[in-house]
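What's in upload10.pdb: PDB, C-alpha atoms
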```pdb
ATOM      1  CA  MET A 130     -29.775  -6.572 -37.097
ATOM      2  CA  GLU A 131     -30.597  -8.897 -39.982
ATOM      3  CA  ASN A 132     -28.978 -11.907 -38.268
ATOM      4  CA  LEU A 133     -30.867 -11.337 -35.007
ATOM      5  CA  ILE A 134     -33.933 -13.453 -34.317
ATOM      6  CA  ARG A 135     -36.271 -12.964 -31.367
ATOM      7  CA  VAL A 136     -36.741 -15.978 -29.093
ATOM      8  CA  SER A 137     -40.504 -15.391 -29.143
ATOM      9  CA  ASP A 138     -40.332 -15.898 -32.926
ATOM     10  CA  ILE A 139     -38.212 -19.044 -32.576
ATOM     11  CA  LEU A 140     -40.840 -20.547 -30.278
ATOM     12  CA  VAL A 141     -43.388 -20.414 -33.117
ATOM     13  CA  PHE A 142     -40.966 -21.770 -35.747
ATOM     14  CA  ASP A 143     -40.739 -25.397 -36.764
ATOM     15  CA  ALA A 144     -37.623 -27.489 -36.383
ATOM     16  CA  LYS A 145     -36.940 -29.711 -39.364
ATOM     17  CA  THR A 146     -34.463 -32.499 -39.901
ATOM     18  CA  LYS A 147     -31.821 -31.853 -42.523
ATOM     19  CA  ASP A 148     -33.508 -34.253 -44.951
ATOM     20  CA  GLU A 149     -36.891 -32.615 -44.139
ATOM     21  CA  LYS A 150     -38.474 -35.983 -43.295
ATOM     22  CA  LYS A 151     -39.483 -34.908 -39.768
ATOM     23  CA  ASP A 152     -41.094 -31.735 -38.538
ATOM     24  CA  PHE A 153     -41.205 -30.624 -34.875
ATOM     25  CA  ASN A 154     -42.661 -27.838 -32.760
ATOM     26  CA  ILE A 155     -40.104 -25.846 -30.760
ATOM     27  CA  ALA A 156     -41.083 -25.839 -27.085
ATOM     28  CA  ASP A 157     -38.092 -24.102 -25.488
ATOM     29  CA  VAL A 158     -34.653 -22.625 -26.133
ATOM     30  CA  ILE A 159     -31.996 -23.562 -23.577
ATOM     31  CA  LEU A 160     -29.120 -21.149 -22.963
ATOM     32  CA  SER A 161     -25.818 -21.434 -21.147
ATOM     33  CA  HIS A 162     -25.067 -19.060 -18.267
ATOM     34  CA  LYS A 163     -22.904 -17.043 -20.697
ATOM     35  CA  GLY A 164     -25.780 -16.516 -23.139
ATOM     36  CA  TYR A 165     -24.983 -19.139 -25.782
ATOM     37  CA  VAL A 166     -27.664 -21.458 -27.121
ATOM     38  CA  SER A 167     -27.132 -24.905 -25.536
ATOM     39  CA  GLY A 168     -29.980 -26.583 -27.386
ATOM     40  CA  ILE A 169     -33.693 -26.636 -28.077
ATOM     41  CA  VAL A 170     -36.540 -28.707 -26.691
ATOM     42  CA  ILE A 171     -38.725 -29.985 -29.520
ATOM     43  CA  SER A 172     -41.876 -32.061 -29.678
ATOM     44  CA  GLY A 173     -43.585 -34.033 -32.371
ATOM     45  CA  LYS A 174     -46.609 -32.581 -34.092
ATOM     46  CA  GLY A 175     -50.014 -33.678 -32.922
ATOM     47  CA  LEU A 176     -51.759 -34.537 -29.702
ATOM     48  CA  PHE A 177     -49.150 -36.925 -28.316
ATOM     49  CA  GLY A 178     -45.995 -35.051 -29.274
ATOM     50  CA  ILE A 179     -43.113 -36.545 -27.315
ATOM     51  CA  LYS A 180     -40.459 -34.083 -26.148
ATOM     52  CA  ARG A 181     -36.976 -34.437 -27.529
ATOM     53  CA  TYR A 182     -33.775 -32.433 -27.162
ATOM     54  CA  ALA A 183     -31.463 -31.171 -29.904
ATOM     55  CA  SER A 184     -28.153 -29.939 -28.507
ATOM     56  CA  VAL A 185     -26.343 -27.016 -30.113
ATOM     57  CA  GLU A 186     -24.089 -29.497 -31.934
ATOM     58  CA  ASN A 187     -27.217 -30.860 -33.642
ATOM     59  CA  ILE A 188     -28.499 -27.435 -34.692
ATOM     60  CA  GLU A 189     -27.394 -27.095 -38.288
ATOM     61  CA  LYS A 190     -28.866 -23.654 -39.013
ATOM     62  CA  ILE A 191     -31.184 -21.078 -37.508
ATOM     63  CA  GLU A 192     -33.166 -19.390 -40.250
ATOM     64  CA  LYS A 193     -35.813 -16.649 -40.203
ATOM     65  CA  ASP A 194     -38.699 -19.144 -40.110
ATOM     66  CA  SER A 195     -37.275 -22.527 -39.085
ATOM     67  CA  ILE A 196     -34.405 -24.362 -37.447
ATOM     68  CA  ILE A 197     -32.626 -27.173 -39.276
ATOM     69  CA  ILE A 198     -31.376 -29.995 -37.039
ATOM     70  CA  ASN A 199     -29.318 -33.079 -37.850
ATOM     71  CA  GLY A 200     -30.106 -35.101 -34.743
ATOM     72  CA  TYR A 201     -31.912 -35.256 -31.413
ATOM     73  CA  CYS A 202     -32.331 -37.466 -28.364
ATOM     74  CA  LYS A 203     -35.050 -38.183 -25.841
ATOM     75  CA  PHE A 204     -35.642 -35.224 -23.551
ATOM     76  CA  LYS A 205     -34.605 -35.963 -19.980
ATOM     77  CA  PRO A 206     -34.463 -32.850 -17.789
ATOM     78  CA  GLU A 207     -31.677 -34.328 -15.651
ATOM     79  CA  PHE A 208     -29.425 -34.687 -18.730
ATOM     80  CA  VAL A 209     -29.873 -31.118 -19.948
ATOM     81  CA  LYS A 210     -27.411 -28.759 -18.274
ATOM     82  CA  ASN A 211     -28.518 -25.201 -17.594
ATOM     83  CA  LEU A 212     -32.228 -25.989 -17.609
ATOM     84  CA  GLN A 213     -32.659 -22.977 -15.308
ATOM     85  CA  TYR A 214     -31.690 -20.874 -18.345
ATOM     86  CA  SER A 215     -34.601 -22.012 -20.483
ATOM     87  CA  SER A 216     -36.405 -19.288 -22.396
ATOM     88  CA  THR A 217     -39.712 -20.102 -20.723
ATOM     89  CA  LYS A 218     -38.148 -19.543 -17.274
ATOM     90  CA  LEU A 219     -36.297 -16.365 -18.265
ATOM     91  CA  LEU A 220     -39.096 -14.569 -20.103
ATOM     92  CA  LYS A 221     -41.327 -12.496 -17.794
ATOM     93  CA  LYS A 222     -38.584 -12.350 -15.134
ATOM     94  CA  LYS A 223     -37.722  -9.092 -13.344
ATOM     95  CA  VAL A 224     -34.797  -7.133 -14.748
ATOM     96  CA  VAL A 225     -32.736  -5.024 -12.337
ATOM     97  CA  SER A 226     -29.574  -2.968 -12.613
ATOM     98  CA  GLU A 227     -26.447  -3.935 -10.666
ATOM     99  CA  ASP A 228     -27.430  -1.521  -7.894
ATOM    100  CA  GLY A 229     -30.868  -3.158  -7.536
ATOM    101  CA  VAL A 230     -33.046  -0.634  -9.395
ATOM    102  CA  PHE A 231     -36.069  -2.262 -11.056
ATOM    103  CA  MET A 232     -35.935  -1.747 -14.830
ATOM    104  CA  GLY A 233     -38.876  -3.815 -16.017
ATOM    105  CA  ILE A 234     -39.749  -7.323 -17.133
ATOM    106  CA  LEU A 235     -37.762  -9.372 -19.664
ATOM    107  CA  SER A 236     -40.114  -9.495 -22.633
ATOM    108  CA  ASP A 237     -37.789 -11.044 -25.213
ATOM    109  CA  PHE A 238     -34.202 -11.606 -26.192
ATOM    110  CA  TYR A 239     -32.435 -11.620 -29.524
ATOM    111  CA  ILE A 240     -30.202 -14.450 -30.710
ATOM    112  CA  HIS A 241     -27.631 -14.115 -33.485
ATOM    113  CA  SER A 242     -28.522 -16.805 -36.025
ATOM    114  CA  GLU A 243     -24.908 -17.708 -36.878
ATOM    115  CA  LYS A 244     -23.157 -17.206 -33.528
ATOM    116  CA  LYS A 245     -26.080 -18.845 -31.659
ATOM    117  CA  ARG A 246     -25.658 -16.336 -28.873
ATOM    118  CA  VAL A 247     -27.877 -13.818 -27.105
ATOM    119  CA  MET A 248     -26.956 -10.371 -28.407
ATOM    120  CA  ALA A 249     -29.606  -8.167 -26.751
ATOM    121  CA  VAL A 250     -32.595  -8.232 -24.424
ATOM    122  CA  GLU A 251     -35.895  -6.403 -24.642
ATOM    123  CA  VAL A 252     -37.255  -4.959 -21.411
ATOM    124  CA  ALA A 253     -40.886  -3.925 -20.961
ATOM    125  CA  ARG A 254     -41.896  -1.428 -18.268
ATOM    126  CA  SER A 255     -45.666  -1.069 -18.464
ATOM    127  CA  PHE A 256     -48.285  -1.236 -21.179
ATOM    128  CA  PHE A 257     -48.697   2.543 -21.447
ATOM    129  CA  GLU A 258     -44.989   3.342 -21.236
ATOM    130  CA  ASP A 259     -44.246   0.722 -23.911
ATOM    131  CA  LEU A 260     -47.057   2.129 -26.057
ATOM    132  CA  PHE A 261     -45.872   5.727 -25.832
ATOM    133  CA  THR A 262     -42.082   5.476 -25.709
ATOM    134  CA  GLY A 263     -41.368   1.923 -26.886
ATOM    135  CA  ARG A 264     -39.571  -0.929 -25.194
ATOM    136  CA  THR A 265     -35.932  -0.719 -24.197
ATOM    137  CA  LEU A 266     -33.370  -2.827 -26.038
ATOM    138  CA  ILE A 267     -30.210  -3.551 -24.041
ATOM    139  CA  PRO A 268     -27.204  -5.093 -25.819
ATOM    140  CA  GLY A 269     -25.306  -7.956 -24.235
ATOM    141  CA  ASN A 270     -25.725 -11.588 -23.358
ATOM    142  CA  ILE A 271     -27.683 -10.836 -20.113
ATOM    143  CA  ILE A 272     -27.500 -14.174 -18.428
ATOM    144  CA  ALA A 273     -26.289 -12.909 -15.074
ATOM    145  CA  ASP A 274     -29.287 -14.490 -13.440
ATOM    146  CA  GLU A 275     -30.228 -14.440  -9.797
ATOM    147  CA  SER A 276     -33.075 -16.593  -8.538
ATOM    148  CA  ASP A 277     -35.629 -13.794  -8.652
ATOM    149  CA  ALA A 278     -34.214 -11.346 -11.233
ATOM    150  CA  ILE A 279     -31.875 -10.859 -14.182
ATOM    151  CA  ILE A 280     -29.109  -8.376 -13.497
ATOM    152  CA  ILE A 281     -28.048  -5.885 -16.176
ATOM    153  CA  THR A 282     -24.582  -4.342 -15.895
ATOM    154  CA  GLU A 283     -23.840  -0.613 -16.024
ATOM    155  CA  ILE A 284     -21.915  -1.063 -19.293
ATOM    156  CA  GLN A 285     -24.983  -2.633 -20.904
ATOM    157  CA  LEU A 286     -27.169   0.212 -19.615
ATOM    158  CA  GLU A 287     -24.899   2.831 -21.184
ATOM    159  CA  ASN A 288     -25.651   1.358 -24.612
ATOM    160  CA  LYS A 289     -29.415   0.885 -24.279
ATOM    161  CA  LEU A 290     -31.786   2.103 -26.968
ATOM    162  CA  HIS A 291     -35.448   1.844 -27.936
ATOM    163  CA  ASN A 292     -36.236  -0.950 -30.383
ATOM    164  CA  THR A 293     -39.856  -0.032 -30.953
ATOM    165  CA  LYS A 294     -40.832   3.492 -31.751
ATOM    166  CA  GLY A 295     -43.878   3.981 -29.609
ATOM    167  CA  ILE A 296     -46.458   6.658 -30.335
ATOM    168  CA  ILE A 297     -44.297   9.616 -29.247
ATOM    169  CA  ASN A 298     -41.376   8.633 -31.486
ATOM    170  CA  ALA A 299     -43.734   7.911 -34.405
ATOM    171  CA  ILE A 300     -45.273  11.390 -34.034
ATOM    172  CA  ASP A 301     -41.791  12.971 -33.866
ATOM    173  CA  ASP A 302     -40.773  11.089 -37.041
ATOM    174  CA  GLY A 303     -43.937  12.275 -38.818
ATOM    175  CA  ILE A 304     -43.317  15.908 -37.857
ATOM    176  CA  SER A 305     -39.644  15.821 -38.902
ATOM    177  CA  ARG A 306     -40.557  14.390 -42.342
ATOM    178  CA  SER A 307     -43.009  17.261 -43.040
TER     179      SER A 307
END
```
Mind turning the file's structure into structure tokens?
Amino acid sequence: MENLIRVSDILVFDAKTKDEKKDFNIADVILSHKGYVSGIVISGKGLFGIKRYASVENIEKIEKDSIIINGYCKFKPEFVKNLQYSSTKLLKKKVVSEDGVFMGILSDFYIHSEKKRVMAVEVARSFFEDLFTGRTLIPGNIIADESDAIIITEIQLENKLHNTKGIINAIDDGISRS
């Protein structure tokens, strides 16, 4: 999991030009319907930061604390394909199984830093359930998106696991180490 980076972390990174002359805030990550990164929306630092767009071809490298870009253009929503797959629109969306069973809310997704592809999603159920048992991590590129929910396939559900321990798992670990 060392090459996986959470989108919520990317949104607090900085984007830097290859020569490190310019520094940008990352406002959004745009995905394709198949779960690949299409580009990022960036803005200049300061009060009047103008939005710009760096397509995936201009993303040189995704690192643990920054993204290196080699070019960008003015951000025009009509020019950016798949804007409905922006991270800000996907996060906090309902997640349901193929048969319509509510699974929770999409709390995050993990992108492979080299493949630039979604590899897993994190689903939150409720504060107390997340606290006690941890959030559910479901492998796959998820982006089977309906207007009101994200649909998770049965194959993805068979491979789900908990990515955070939660209190119950932490207690079990403590007892087993004794």
Matched chain/residue IDs from the PyMOL selection byres ((chain A and resi 138) around 12), as a PyMOL selection string:
chain A and resi 133-137+139-143+155-158+191-196+216+237-240
Residue with smallest distance to A:Pro206 - pool A:Phe153, A:Tyr165, A:Tyr182, A:Phe177, counting only C-alpha atoms:
A:Tyr182
Applied to the shown file, which residues does the PyMOL selection byres ((chain A and resi 147) around 8) return, written as a compact mmCIF listing (two decimals) with C-alpha atoms, keeping the file's coordinate frame?
```txt
# COMPACT_ATOMS: atom_id res chain seq x y z
CA LYS A 145 -36.94 -29.71 -39.36
CA THR A 146 -34.46 -32.50 -39.90
CA ASP A 148 -33.51 -34.25 -44.95
CA GLU A 149 -36.89 -32.62 -44.14
CA LYS A 150 -38.47 -35.98 -43.30
CA GLU A 189 -27.39 -27.10 -38.29
CA ILE A 197 -32.63 -27.17 -39.28
CA ILE A 198 -31.38 -30.00 -37.04
CA ASN A 199 -29.32 -33.08 -37.85
```
Let me make sure I understand: among A:Gly200, A:Gly175, A:Gly229, A:Gly164, which one has the smallest atom-to-atom distance to A:Ile188 if we use only C-alpha atoms?
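Of A:Gly200, A:Gly175, A:Gly229, A:Gly164, the one nearest A:Ile188, counting only C-alpha atoms, is A:Gly200.
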Set the distance at 10 Å and use only C-alpha atoms: which residues neighbour A:Lys203 once local chain neighbours fewer than 5 positions away are removed? I'd like the list as number ranges by chain.
A: 170-172, 179-183, 208
For atom CA of A:Lys190 and atom CA of A:Ser242, the interatomic separation in Å (one decimal)
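About the pair atom CA of A:Lys190 and atom CA of A:Ser242: they are 7.5 Å apart.
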Using all atoms listed in the file, which residue out of A:Arg264, A:Leu160, A:Ile281, A:Val252 lies closest to A:Asp228?
A:Ile281
Atom CA of A:Ser255 and atom CA of A:Gly233, how far apart in Å?
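So the two atoms, atom CA of A:Gly233 and atom CA of A:Ser255, lie 7.7 Å apart.
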